[in-house]
$ cat coords30.cif   # mmCIF, C-alpha atoms
data_work
#
loop_
_atom_site.label_atom_id
_atom_site.label_comp_id
_atom_site.auth_asym_id
_atom_site.auth_seq_id
_atom_site.Cartn_x
_atom_site.Cartn_y
_atom_site.Cartn_z
CA MET A 4 -44.51 1.47 -7.03
CA LEU A 5 -42.31 3.63 -9.24
CA GLY A 6 -41.09 5.48 -6.17
CA ILE A 7 -40.07 2.22 -4.50
CA VAL A 8 -38.19 1.09 -7.60
CA THR A 9 -36.43 4.44 -7.85
CA THR A 10 -35.45 4.26 -4.20
CA VAL A 11 -34.07 0.75 -4.60
CA ILE A 12 -32.08 1.72 -7.69
CA SER A 13 -30.72 4.81 -5.97
CA ALA A 14 -29.70 2.78 -2.92
CA ALA A 15 -28.00 0.18 -5.11
CA ALA A 16 -26.14 2.86 -7.04
CA ALA A 17 -24.99 4.51 -3.83
CA SER A 18 -23.87 1.17 -2.46
CA TYR A 19 -21.87 0.39 -5.58
CA ALA A 20 -20.33 3.85 -5.60
CA GLY A 21 -19.24 3.34 -2.00
CA TYR A 22 -17.79 -0.05 -2.87
CA ALA A 23 -15.87 1.40 -5.81
CA ALA A 24 -14.45 4.15 -3.60
CA MET A 25 -12.85 1.66 -1.19
CA ALA A 26 -12.45 -1.74 -2.91
CA PRO A 27 -8.78 -2.18 -3.88
CA GLU A 28 -9.43 -3.89 -7.22
CA SER A 29 -12.24 -1.61 -8.43
CA GLN A 30 -11.40 0.43 -11.53
CA LEU A 31 -14.66 2.43 -11.65
CA TYR A 32 -13.10 5.69 -10.50
CA GLY A 33 -9.92 5.35 -12.54
CA ARG A 34 -7.23 2.88 -13.46
CA THR A 35 -4.92 1.69 -10.68
CA ARG A 36 -2.23 -0.98 -10.47
CA VAL A 37 -3.53 -3.99 -8.54
CA CYS A 38 -1.39 -6.89 -9.81
CA GLY A 39 1.11 -8.00 -12.46
CA SER A 40 1.05 -10.71 -15.09
CA ASP A 41 3.86 -13.03 -13.92
CA SER A 42 2.66 -15.60 -11.37
CA ASN A 43 6.27 -16.26 -10.37
CA GLN A 44 6.50 -12.78 -8.87
CA ILE A 45 5.18 -11.38 -5.57
CA ALA A 46 5.27 -7.70 -4.64
CA LEU A 47 5.26 -7.14 -0.90
CA THR A 48 4.19 -3.62 0.01
CA PHE A 49 4.37 -1.96 3.42
CA ASP A 50 2.31 1.10 4.36
CA ASP A 51 2.50 3.75 7.10
CA GLY A 52 6.24 3.84 7.77
CA PRO A 53 8.97 4.60 8.34
CA ASN A 54 8.59 3.12 11.81
CA ASP A 55 11.46 2.57 14.21
CA PRO A 56 12.45 -0.24 14.82
CA HIS A 57 10.08 -2.42 12.79
CA THR A 58 10.96 -1.02 9.36
CA LEU A 59 14.60 -1.80 10.10
CA HIS A 60 13.71 -5.37 11.14
CA LEU A 61 11.84 -5.80 7.87
CA LEU A 62 14.86 -4.56 5.94
CA ASP A 63 16.98 -7.20 7.67
CA ALA A 64 14.49 -9.97 6.83
CA LEU A 65 14.25 -8.89 3.19
CA ALA A 66 18.04 -8.67 2.86
CA LYS A 67 18.54 -12.17 4.23
CA ALA A 68 16.06 -13.53 1.68
CA GLY A 69 17.47 -11.51 -1.21
CA ALA A 70 14.01 -9.97 -1.64
CA ARG A 71 12.88 -6.50 -2.58
CA ALA A 72 9.69 -4.70 -1.61
CA THR A 73 7.89 -1.36 -1.84
CA PHE A 74 7.34 1.02 1.07
CA PHE A 75 4.56 3.63 0.97
CA LEU A 76 5.63 6.24 3.52
CA ILE A 77 3.79 8.91 5.50
CA GLY A 78 5.39 12.32 5.16
CA LYS A 79 5.26 13.32 8.84
CA TYR A 80 7.13 10.12 9.76
CA VAL A 81 9.64 10.63 6.96
CA ARG A 82 10.59 13.94 8.55
CA MET A 83 11.03 12.16 11.89
CA ARG A 84 13.26 9.36 10.55
CA PRO A 85 14.79 10.34 7.20
CA SER A 86 17.73 8.02 7.90
CA ILE A 87 15.41 4.99 7.71
CA VAL A 88 14.09 6.21 4.36
CA ARG A 89 17.65 6.36 3.08
CA GLU A 90 18.23 2.81 4.32
CA ILE A 91 15.15 1.64 2.42
CA GLN A 92 16.43 3.27 -0.74
CA GLY A 93 19.97 2.04 -0.24
CA ALA A 94 18.77 -1.56 0.06
CA GLY A 95 17.19 -1.35 -3.40
CA HIS A 96 13.56 -1.15 -2.37
CA ALA A 97 10.99 1.13 -4.01
CA ILE A 98 9.47 4.07 -2.14
CA GLY A 99 6.04 5.63 -2.59
CA ASN A 100 3.96 8.57 -1.38
CA HIS A 101 1.27 7.73 1.21
CA THR A 102 0.24 11.34 1.91
CA ASP A 103 1.60 13.53 4.67
CA THR A 104 -0.84 12.74 7.51
CA HIS A 105 -2.88 9.74 6.24
CA PRO A 106 -6.42 11.18 5.87
CA ASN A 107 -9.21 9.35 4.07
CA LEU A 108 -9.08 11.18 0.74
CA ILE A 109 -12.76 10.57 0.04
CA PHE A 110 -13.56 13.30 2.54
CA VAL A 111 -10.89 15.96 1.91
CA SER A 112 -11.05 19.06 -0.25
CA GLU A 113 -9.06 19.45 -3.47
CA SER A 114 -6.69 21.89 -1.78
CA ARG A 115 -6.12 19.55 1.17
CA LEU A 116 -5.51 16.66 -1.24
CA ARG A 117 -2.84 18.58 -3.11
CA ARG A 118 -1.22 19.70 0.12
CA GLU A 119 -1.09 16.13 1.45
CA LEU A 120 0.57 14.88 -1.72
CA GLU A 121 2.95 17.80 -2.04
CA ASP A 122 4.09 17.81 1.58
CA CYS A 123 4.85 14.09 1.45
CA ARG A 124 6.62 14.52 -1.89
CA LYS A 125 8.86 17.22 -0.42
CA ALA A 126 9.66 15.14 2.65
CA LEU A 127 10.65 12.17 0.51
CA GLU A 128 12.79 14.21 -1.87
CA GLU A 129 14.56 15.90 1.02
CA ALA A 130 15.28 12.48 2.53
CA ILE A 131 16.48 10.61 -0.57
CA GLY A 132 17.19 13.34 -3.12
CA THR A 133 15.10 11.80 -5.91
CA PRO A 134 11.40 11.72 -6.86
CA ALA A 135 9.18 8.93 -5.52
CA PRO A 136 6.61 8.49 -8.30
CA LEU A 137 4.44 5.76 -6.72
CA PHE A 138 1.34 6.53 -4.65
CA ARG A 139 -1.05 4.60 -2.44
CA THR A 140 -4.17 6.20 -1.08
CA PRO A 141 -4.78 5.80 2.68
CA PHE A 142 -7.44 3.21 3.54
CA GLY A 143 -7.80 2.59 -0.20
CA GLY A 144 -10.26 5.49 -0.34
CA ARG A 145 -10.53 7.48 -3.54
CA ARG A 146 -12.92 9.41 -5.75
CA PRO A 147 -12.47 10.27 -9.43
CA ASN A 148 -10.91 13.64 -8.57
CA VAL A 149 -8.37 11.94 -6.29
CA LEU A 150 -6.90 9.79 -9.04
CA ARG A 151 -7.01 12.65 -11.57
CA THR A 152 -5.05 14.87 -9.20
CA VAL A 153 -2.60 12.09 -8.36
CA ARG A 154 -1.79 11.62 -12.04
CA LYS A 155 -1.54 15.35 -12.72
CA MET A 156 1.14 15.45 -10.04
CA GLY A 157 3.10 12.71 -11.81
CA LEU A 158 2.24 9.88 -9.43
CA GLU A 159 1.19 6.32 -10.29
CA PRO A 160 -1.61 4.95 -8.08
CA VAL A 161 -0.98 1.47 -6.72
CA MET A 162 -3.53 -0.66 -4.87
CA TRP A 163 -3.28 -4.36 -3.99
CA SER A 164 -4.69 -7.82 -4.71
CA VAL A 165 -3.95 -9.55 -1.39
CA THR A 166 -4.63 -8.20 2.10
CA GLY A 167 -2.73 -9.24 5.21
CA TYR A 168 -5.20 -7.69 7.70
CA ASP A 169 -2.22 -7.08 9.95
CA TRP A 170 -3.80 -4.00 11.55
CA SER A 171 -6.15 -6.27 13.55
CA ALA A 172 -4.32 -9.62 13.62
CA LYS A 173 -3.72 -11.39 16.93
CA SER A 174 -0.61 -13.24 15.76
CA ALA A 175 1.95 -13.49 12.98
CA LYS A 176 0.49 -16.88 12.09
CA GLN A 177 -2.89 -15.27 11.44
CA ILE A 178 -1.35 -12.74 9.04
CA ALA A 179 0.64 -15.33 7.13
CA ALA A 180 -2.37 -17.66 6.92
CA ALA A 181 -4.60 -14.92 5.50
CA ILE A 182 -2.08 -14.07 2.79
CA THR A 183 -1.31 -17.70 1.97
CA ARG A 184 -5.01 -18.51 1.65
CA GLN A 185 -5.53 -15.71 -0.86
CA ILE A 186 -2.44 -16.45 -2.94
CA ASP A 187 -2.94 -20.22 -3.05
CA SER A 188 -6.64 -19.97 -3.94
CA ARG A 189 -6.02 -17.74 -6.96
CA THR A 190 -7.37 -19.32 -10.14
CA ARG A 191 -5.98 -16.79 -12.60
CA LYS A 192 -2.29 -16.38 -13.32
CA GLN A 193 -0.99 -13.09 -11.98
CA SER A 194 1.65 -11.59 -9.73
CA GLU A 195 0.15 -10.53 -6.42
CA ILE A 196 0.56 -7.18 -4.72
CA VAL A 197 0.38 -7.84 -0.98
CA LEU A 198 -0.77 -5.18 1.49
CA LEU A 199 1.07 -5.11 4.83
CA HIS A 200 2.06 -2.38 7.30
CA ASP A 201 5.41 -1.53 8.87
CA GLY A 202 3.87 1.37 10.81
CA SER A 203 0.51 2.88 11.71
CA HIS A 204 -1.27 6.15 11.01
CA LEU A 205 -2.38 6.03 14.67
CA GLY A 206 1.10 6.82 15.92
CA PHE A 207 4.82 6.49 15.41
CA GLY A 208 6.44 3.45 17.03
CA TRP A 209 3.41 1.18 16.59
CA ASP A 210 4.22 -2.47 17.28
CA ARG A 211 4.48 -4.33 13.97
CA SER A 212 6.43 -7.35 15.25
CA TYR A 213 3.67 -9.68 14.01
CA THR A 214 4.06 -8.27 10.53
CA VAL A 215 7.83 -8.71 10.64
CA SER A 216 7.50 -12.33 11.73
CA ALA A 217 4.78 -13.05 9.16
CA THR A 218 6.98 -11.56 6.44
CA ARG A 219 9.78 -13.94 7.35
CA THR A 220 7.32 -16.83 7.04
CA LEU A 221 6.13 -15.66 3.62
CA LEU A 222 9.66 -15.17 2.34
CA GLU A 223 10.47 -18.74 3.28
CA LYS A 224 7.19 -20.28 2.08
CA TYR A 225 7.38 -18.64 -1.35
CA SER A 226 11.14 -18.76 -1.75
CA ALA A 227 10.72 -20.30 -5.21
CA LYS A 228 9.09 -17.08 -6.37
CA LYS A 229 10.77 -13.72 -6.91
CA PHE A 230 9.94 -10.91 -4.51
CA VAL A 231 10.04 -7.68 -6.50
CA THR A 232 9.28 -3.98 -6.21
CA ILE A 233 6.23 -2.46 -7.91
CA PRO A 234 8.34 -1.03 -10.79
CA GLU A 235 9.80 -4.51 -11.35
CA LEU A 236 6.40 -6.19 -11.78
CA SER A 237 5.85 -7.73 -15.20
#

$ encode --input "coords30.cif" --output "structure tokens"
Amino acid sequence: MLGIVTTVISAAAASYAGYAAMAPESQLYGRTRVCGSDSNQIALTFDDGPNDPHTLHLLDALAKAGARATFFLIGKYVRMRPSIVREIQGAGHAIGNHTDTHPNLIFVSESRLRRELEDCRKALEEAIGTPAPLFRTPFGGRRPNVLRTVRKMGLEPVMWSVTGYDWSAKSAKQIAAAITRQIDSRTRKQSEIVLLHDGSHLGFGWDRSYTVSATRTLLEKYSAKKFVTIPELS
């Protein structure tokens, strides 16, 4: 009987550890930014860019709405399109490190982790000439050593409170509906950090037209709120 209980406890612990390694709002493995305190703010974030032409279309949509956002960029794509990175910066948006090649950091060595962060950091600084101190882990995956290393390198880890599921969506309407449902059902007062993608780790040039269209819908629907960058969150 004791063996069965031990097995059940071990399985539960392993399950919870796995959850904490991937769940965006979990703080078990270290503190991360998942939201703000001002319910009148929304922070749109876009991962996996820069991506031509969809990042540029997003910049146009944000500019027309007078909104700002945060872009977590992959180093290898930054080296391909540094001009887009400069356009992101020039438009007043925030930029963050999303590793150099987008591996799941749960499974990489310490040396590979540091190389991923450093190579992306160098690519960003070469593109825009200034440090990019924000960081988002690919797939949300992290272990305690990941967040410790991130902070030692001067980066602030940022997760999210609302997911657009745009990587598998069949339409822009589906993306916007998923985000709206999460925001409008919130019972506690907070500013949401919304996860979207302007590119894909699967390849440069990935079609993100649904995301662009959904973003336009969200900017219009929540026009009474202020769309801010992560550093601007209260």

$ resolve_selection --input "coords30.cif" --expression "the PyMOL selection byres ((chain A and resi 204) around 10)" --output "ChimeraX atom specification"
/A:50-52,77,79-80,104-106,141,200,202-203,205-207,209

$ write_last_selection --input "coords30.cif" --atoms "C-alpha atoms" --output "PDB file, in the coordinates of the input"
ATOM      1  CA  ASP A  50       2.310   1.100   4.360  1.00  0.00           C
ATOM      2  CA  ASP A  51       2.500   3.750   7.100  1.00  0.00           C
ATOM      3  CA  GLY A  52       6.240   3.840   7.770  1.00  0.00           C
ATOM      4  CA  ILE A  77       3.790   8.910   5.500  1.00  0.00           C
ATOM      5  CA  LYS A  79       5.260  13.320   8.840  1.00  0.00           C
ATOM      6  CA  TYR A  80       7.130  10.120   9.760  1.00  0.00           C
ATOM      7  CA  THR A 104      -0.840  12.740   7.510  1.00  0.00           C
ATOM      8  CA  HIS A 105      -2.880   9.740   6.240  1.00  0.00           C
ATOM      9  CA  PRO A 106      -6.420  11.180   5.870  1.00  0.00           C
ATOM     10  CA  PRO A 141      -4.780   5.800   2.680  1.00  0.00           C
ATOM     11  CA  HIS A 200       2.060  -2.380   7.300  1.00  0.00           C
ATOM     12  CA  GLY A 202       3.870   1.370  10.810  1.00  0.00           C
ATOM     13  CA  SER A 203       0.510   2.880  11.710  1.00  0.00           C
ATOM     14  CA  LEU A 205      -2.380   6.030  14.670  1.00  0.00           C
ATOM     15  CA  GLY A 206       1.100   6.820  15.920  1.00  0.00           C
ATOM     16  CA  PHE A 207       4.820   6.490  15.410  1.00  0.00           C
ATOM     17  CA  TRP A 209       3.410   1.180  16.590  1.00  0.00           C
TER      18      TRP A 209
END

$ residues_around --input "coords30.cif" --residues "Ile98 in chain A" --least-positions-apart "6" --cutoff "8 Å" --atoms "only C-alpha atoms" --output "list in words"
Thr73, Phe74, Phe75, Leu76, Ile91, Gln92, Ala135 and Leu137 of chain A

$ atom_distance --input "coords30.cif" --atom1 "CA of Val111 in chain A" --atom2 "CA of Ala97 in chain A"
27.1 Å

$ residues_around --input "coords30.cif" --residues "Asn43 in chain A" --least-positions-apart "4" --cutoff "8 Å" --atoms "only C-alpha atoms" --output "list in words"
Ser194, Ala227, Lys228 and Lys229 of chain A

$ residues_around --input "coords30.cif" --residues "range 145-153 of chain A" --least-positions-apart "5" --cutoff "7 Å" --atoms "only C-alpha atoms" --output "list of chain:residue names"
A:Ala24, A:Met25, A:Tyr32, A:Gly33, A:Leu108, A:Ile109, A:Thr140, A:Leu158

$ atom_distance --input "coords30.cif" --atom1 "CA of Gly208 in chain A" --atom2 "CA of His57 in chain A"
8.1 Å

$ atom_distance --input "coords30.cif" --atom1 "CA of Cys38 in chain A" --atom2 "CA of Leu65 in chain A"
20.4 Å

$ resolve_selection --input "coords30.cif" --expression "the PyMOL selection byres ((chain A and resi 223) around 12)" --output "mmCIF file with C-alpha atoms, keeping the file's coordinate frame"
data_model
loop_
_atom_site.group_PDB
_atom_site.id
_atom_site.type_symbol
_atom_site.label_atom_id
_atom_site.label_comp_id
_atom_site.auth_asym_id
_atom_site.auth_seq_id
_atom_site.Cartn_x
_atom_site.Cartn_y
_atom_site.Cartn_z
ATOM 1 C CA ALA A 64 14.490 -9.970 6.830
ATOM 2 C CA LEU A 65 14.250 -8.890 3.190
ATOM 3 C CA LYS A 67 18.540 -12.170 4.230
ATOM 4 C CA ALA A 68 16.060 -13.530 1.680
ATOM 5 C CA GLY A 69 17.470 -11.510 -1.210
ATOM 6 C CA ALA A 70 14.010 -9.970 -1.640
ATOM 7 C CA ALA A 179 0.640 -15.330 7.130
ATOM 8 C CA THR A 183 -1.310 -17.700 1.970
ATOM 9 C CA SER A 216 7.500 -12.330 11.730
ATOM 10 C CA ALA A 217 4.780 -13.050 9.160
ATOM 11 C CA THR A 218 6.980 -11.560 6.440
ATOM 12 C CA ARG A 219 9.780 -13.940 7.350
ATOM 13 C CA THR A 220 7.320 -16.830 7.040
ATOM 14 C CA LEU A 221 6.130 -15.660 3.620
ATOM 15 C CA LEU A 222 9.660 -15.170 2.340
ATOM 16 C CA LYS A 224 7.190 -20.280 2.080
ATOM 17 C CA TYR A 225 7.380 -18.640 -1.350
ATOM 18 C CA SER A 226 11.140 -18.760 -1.750
ATOM 19 C CA ALA A 227 10.720 -20.300 -5.210
ATOM 20 C CA LYS A 228 9.090 -17.080 -6.370
ATOM 21 C CA LYS A 229 10.770 -13.720 -6.910
ATOM 22 C CA PHE A 230 9.940 -10.910 -4.510
#

$ resolve_selection --input "coords30.cif" --expression "the PyMOL selection byres ((chain A and resi 162) around 9)" --output "list in words"
Pro27, Glu28, Thr35, Arg36, Val37, Cys38, Phe138, Arg139, Thr140, Gly143, Pro160, Val161, Trp163, Ser164, Ile196 and Leu198 of chain A

$ closest_residue --input "coords30.cif" --among "A:Leu116, A:Ala130, A:Ile178, A:Cys123" --to "Gly99 in chain A" --atoms "only C-alpha atoms"
A:Cys123

$ residues_around --input "coords30.cif" --residues "Met83 in chain A" --least-positions-apart "3" --cutoff "10 Å" --atoms "all atoms listed in the file" --output "PyMOL selection string"
chain A and resi 53-55+78-80+86-87+126+207

$ closest_residue --input "coords30.cif" --among "A:Ala94, A:Leu59, A:Val165, A:Ile233" --to "Ile182 in chain A" --atoms "all atoms listed in the file"
A:Val165

$ decode --input "coords30.cif" --residues "range 34-164 of chain A" --atoms "C-alpha atoms" --output "PDB file, in the first residue's frame"
ATOM      1  CA  ARG A  34       9.146  35.128 -10.751  1.00  0.00           C
ATOM      2  CA  THR A  35       8.018  36.258 -14.204  1.00  0.00           C
ATOM      3  CA  ARG A  36       5.884  39.145 -15.445  1.00  0.00           C
ATOM      4  CA  VAL A  37       2.446  37.877 -16.450  1.00  0.00           C
ATOM      5  CA  CYS A  38       0.206  40.952 -16.121  1.00  0.00           C
ATOM      6  CA  GLY A  39      -0.037  44.511 -14.791  1.00  0.00           C
ATOM      7  CA  SER A  40      -2.310  46.190 -12.274  1.00  0.00           C
ATOM      8  CA  ASP A  41      -4.214  48.696 -14.448  1.00  0.00           C
ATOM      9  CA  SER A  42      -7.301  47.147 -16.083  1.00  0.00           C
ATOM     10  CA  ASN A  43      -7.421  50.052 -18.531  1.00  0.00           C
ATOM     11  CA  GLN A  44      -4.208  48.828 -20.153  1.00  0.00           C
ATOM     12  CA  ILE A  45      -3.569  45.969 -22.594  1.00  0.00           C
ATOM     13  CA  ALA A  46      -0.105  44.823 -23.648  1.00  0.00           C
ATOM     14  CA  LEU A  47      -0.102  43.107 -27.021  1.00  0.00           C
ATOM     15  CA  THR A  48       2.998  40.985 -27.538  1.00  0.00           C
ATOM     16  CA  PHE A  49       4.153  39.335 -30.751  1.00  0.00           C
ATOM     17  CA  ASP A  50       6.614  36.434 -30.838  1.00  0.00           C
ATOM     18  CA  ASP A  51       8.833  34.847 -33.507  1.00  0.00           C
ATOM     19  CA  GLY A  52       9.515  37.828 -35.765  1.00  0.00           C
ATOM     20  CA  PRO A  53      10.680  39.808 -37.512  1.00  0.00           C
ATOM     21  CA  ASN A  54       8.672  38.360 -40.386  1.00  0.00           C
ATOM     22  CA  ASP A  55       8.322  39.997 -43.769  1.00  0.00           C
ATOM     23  CA  PRO A  56       5.680  41.246 -44.619  1.00  0.00           C
ATOM     24  CA  HIS A  57       3.414  40.524 -41.646  1.00  0.00           C
ATOM     25  CA  THR A  58       5.425  42.411 -39.034  1.00  0.00           C
ATOM     26  CA  LEU A  59       5.230  45.476 -41.257  1.00  0.00           C
ATOM     27  CA  HIS A  60       1.455  45.074 -41.631  1.00  0.00           C
ATOM     28  CA  LEU A  61       1.156  44.909 -37.849  1.00  0.00           C
ATOM     29  CA  LEU A  62       3.194  48.084 -37.511  1.00  0.00           C
ATOM     30  CA  ASP A  63       0.770  49.823 -39.869  1.00  0.00           C
ATOM     31  CA  ALA A  64      -2.261  48.617 -37.884  1.00  0.00           C
ATOM     32  CA  LEU A  65      -0.735  49.686 -34.571  1.00  0.00           C
ATOM     33  CA  ALA A  66       0.228  53.104 -35.950  1.00  0.00           C
ATOM     34  CA  LYS A  67      -3.284  53.769 -37.236  1.00  0.00           C
ATOM     35  CA  ALA A  68      -4.698  52.975 -33.791  1.00  0.00           C
ATOM     36  CA  GLY A  69      -2.052  54.962 -31.912  1.00  0.00           C
ATOM     37  CA  ALA A  70      -1.135  51.754 -30.080  1.00  0.00           C
ATOM     38  CA  ARG A  71       2.167  50.358 -28.912  1.00  0.00           C
ATOM     39  CA  ALA A  72       3.194  46.741 -28.457  1.00  0.00           C
ATOM     40  CA  THR A  73       6.146  44.495 -27.618  1.00  0.00           C
ATOM     41  CA  PHE A  74       7.942  42.250 -30.104  1.00  0.00           C
ATOM     42  CA  PHE A  75       9.973  39.254 -28.918  1.00  0.00           C
ATOM     43  CA  LEU A  76      12.343  38.528 -31.798  1.00  0.00           C
ATOM     44  CA  ILE A  77      14.321  35.472 -32.890  1.00  0.00           C
ATOM     45  CA  GLY A  78      17.983  36.240 -33.465  1.00  0.00           C
ATOM     46  CA  LYS A  79      18.400  34.357 -36.750  1.00  0.00           C
ATOM     47  CA  TYR A  80      15.500  36.337 -38.245  1.00  0.00           C
ATOM     48  CA  VAL A  81      16.863  39.600 -36.864  1.00  0.00           C
ATOM     49  CA  ARG A  82      20.029  39.011 -38.874  1.00  0.00           C
ATOM     50  CA  MET A  83      17.899  38.404 -41.975  1.00  0.00           C
ATOM     51  CA  ARG A  84      15.776  41.565 -41.619  1.00  0.00           C
ATOM     52  CA  PRO A  85      17.493  44.092 -39.335  1.00  0.00           C
ATOM     53  CA  SER A  86      15.676  46.913 -41.145  1.00  0.00           C
ATOM     54  CA  ILE A  87      12.334  45.648 -39.807  1.00  0.00           C
ATOM     55  CA  VAL A  88      13.757  45.610 -36.278  1.00  0.00           C
ATOM     56  CA  ARG A  89      14.739  49.241 -36.712  1.00  0.00           C
ATOM     57  CA  GLU A  90      11.218  50.044 -37.905  1.00  0.00           C
ATOM     58  CA  ILE A  91       9.786  48.398 -34.792  1.00  0.00           C
ATOM     59  CA  GLN A  92      12.057  50.483 -32.597  1.00  0.00           C
ATOM     60  CA  GLY A  93      11.440  53.664 -34.554  1.00  0.00           C
ATOM     61  CA  ALA A  94       7.682  53.301 -34.109  1.00  0.00           C
ATOM     62  CA  GLY A  95       8.086  53.317 -30.328  1.00  0.00           C
ATOM     63  CA  HIS A  96       7.464  49.650 -29.657  1.00  0.00           C
ATOM     64  CA  ALA A  97       9.447  47.558 -27.170  1.00  0.00           C
ATOM     65  CA  ILE A  98      11.755  44.769 -28.312  1.00  0.00           C
ATOM     66  CA  GLY A  99      12.708  41.592 -26.475  1.00  0.00           C
ATOM     67  CA  ASN A 100      15.008  38.591 -26.787  1.00  0.00           C
ATOM     68  CA  HIS A 101      13.328  35.330 -27.880  1.00  0.00           C
ATOM     69  CA  THR A 102      16.548  33.302 -28.231  1.00  0.00           C
ATOM     70  CA  ASP A 103      18.528  32.838 -31.409  1.00  0.00           C
ATOM     71  CA  THR A 104      16.902  29.685 -32.839  1.00  0.00           C
ATOM     72  CA  HIS A 105      13.799  29.107 -30.651  1.00  0.00           C
ATOM     73  CA  PRO A 106      14.596  25.827 -28.839  1.00  0.00           C
ATOM     74  CA  ASN A 107      12.557  24.551 -25.898  1.00  0.00           C
ATOM     75  CA  LEU A 108      14.843  25.644 -23.065  1.00  0.00           C
ATOM     76  CA  ILE A 109      13.676  22.845 -20.779  1.00  0.00           C
ATOM     77  CA  PHE A 110      15.819  20.469 -22.806  1.00  0.00           C
ATOM     78  CA  VAL A 111      18.994  22.470 -23.547  1.00  0.00           C
ATOM     79  CA  SER A 112      22.286  22.532 -21.688  1.00  0.00           C
ATOM     80  CA  GLU A 113      23.493  25.539 -19.705  1.00  0.00           C
ATOM     81  CA  SER A 114      26.061  26.355 -22.382  1.00  0.00           C
ATOM     82  CA  ARG A 115      23.461  26.153 -25.162  1.00  0.00           C
ATOM     83  CA  LEU A 116      21.108  28.359 -23.132  1.00  0.00           C
ATOM     84  CA  ARG A 117      23.740  31.054 -22.730  1.00  0.00           C
ATOM     85  CA  ARG A 118      24.663  30.867 -26.396  1.00  0.00           C
ATOM     86  CA  GLU A 119      21.021  31.239 -27.469  1.00  0.00           C
ATOM     87  CA  LEU A 120      20.569  34.309 -25.296  1.00  0.00           C
ATOM     88  CA  GLU A 121      23.890  35.875 -26.198  1.00  0.00           C
ATOM     89  CA  ASP A 122      23.588  35.345 -29.951  1.00  0.00           C
ATOM     90  CA  CYS A 123      20.135  36.921 -29.989  1.00  0.00           C
ATOM     91  CA  ARG A 124      21.356  39.779 -27.792  1.00  0.00           C
ATOM     92  CA  LYS A 125      24.188  40.512 -30.230  1.00  0.00           C
ATOM     93  CA  ALA A 126      21.867  40.398 -33.232  1.00  0.00           C
ATOM     94  CA  LEU A 127      19.473  42.848 -31.603  1.00  0.00           C
ATOM     95  CA  GLU A 128      22.186  45.259 -30.514  1.00  0.00           C
ATOM     96  CA  GLU A 129      23.738  45.213 -33.973  1.00  0.00           C
ATOM     97  CA  ALA A 130      20.334  45.998 -35.474  1.00  0.00           C
ATOM     98  CA  ILE A 131      19.181  48.773 -33.132  1.00  0.00           C
ATOM     99  CA  GLY A 132      22.330  49.848 -31.290  1.00  0.00           C
ATOM    100  CA  THR A 133      20.847  49.534 -27.794  1.00  0.00           C
ATOM    101  CA  PRO A 134      20.227  46.702 -25.312  1.00  0.00           C
ATOM    102  CA  ALA A 135      16.913  44.822 -25.398  1.00  0.00           C
ATOM    103  CA  PRO A 136      16.408  43.832 -21.750  1.00  0.00           C
ATOM    104  CA  LEU A 137      13.127  41.889 -22.076  1.00  0.00           C
ATOM    105  CA  PHE A 138      13.016  38.118 -22.598  1.00  0.00           C
ATOM    106  CA  ARG A 139      10.383  35.537 -23.438  1.00  0.00           C
ATOM    107  CA  THR A 140      11.166  31.852 -23.357  1.00  0.00           C
ATOM    108  CA  PRO A 141      10.129  29.832 -26.440  1.00  0.00           C
ATOM    109  CA  PHE A 142       6.996  27.731 -25.912  1.00  0.00           C
ATOM    110  CA  GLY A 143       6.860  29.124 -22.363  1.00  0.00           C
ATOM    111  CA  GLY A 144       9.251  26.356 -21.297  1.00  0.00           C
ATOM    112  CA  ARG A 145      11.597  27.018 -18.406  1.00  0.00           C
ATOM    113  CA  ARG A 146      13.345  25.404 -15.464  1.00  0.00           C
ATOM    114  CA  PRO A 147      14.795  27.147 -12.408  1.00  0.00           C
ATOM    115  CA  ASN A 148      18.230  27.385 -14.027  1.00  0.00           C
ATOM    116  CA  VAL A 149      16.722  29.052 -17.112  1.00  0.00           C
ATOM    117  CA  LEU A 150      15.296  31.984 -15.192  1.00  0.00           C
ATOM    118  CA  ARG A 151      18.419  32.297 -13.021  1.00  0.00           C
ATOM    119  CA  THR A 152      20.601  32.514 -16.116  1.00  0.00           C
ATOM    120  CA  VAL A 153      18.229  34.953 -17.811  1.00  0.00           C
ATOM    121  CA  ARG A 154      18.443  37.317 -14.843  1.00  0.00           C
ATOM    122  CA  LYS A 155      22.218  36.971 -14.527  1.00  0.00           C
ATOM    123  CA  MET A 156      22.425  38.179 -18.117  1.00  0.00           C
ATOM    124  CA  GLY A 157      20.373  41.263 -17.266  1.00  0.00           C
ATOM    125  CA  LEU A 158      17.123  40.153 -18.878  1.00  0.00           C
ATOM    126  CA  GLU A 159      13.590  40.408 -17.467  1.00  0.00           C
ATOM    127  CA  PRO A 160      11.428  37.326 -18.153  1.00  0.00           C
ATOM    128  CA  VAL A 161       7.959  38.111 -19.474  1.00  0.00           C
ATOM    129  CA  MET A 162       5.157  35.580 -19.909  1.00  0.00           C
ATOM    130  CA  TRP A 163       1.477  36.275 -20.620  1.00  0.00           C
ATOM    131  CA  SER A 164      -2.043  36.126 -19.184  1.00  0.00           C
TER     132      SER A 164
END
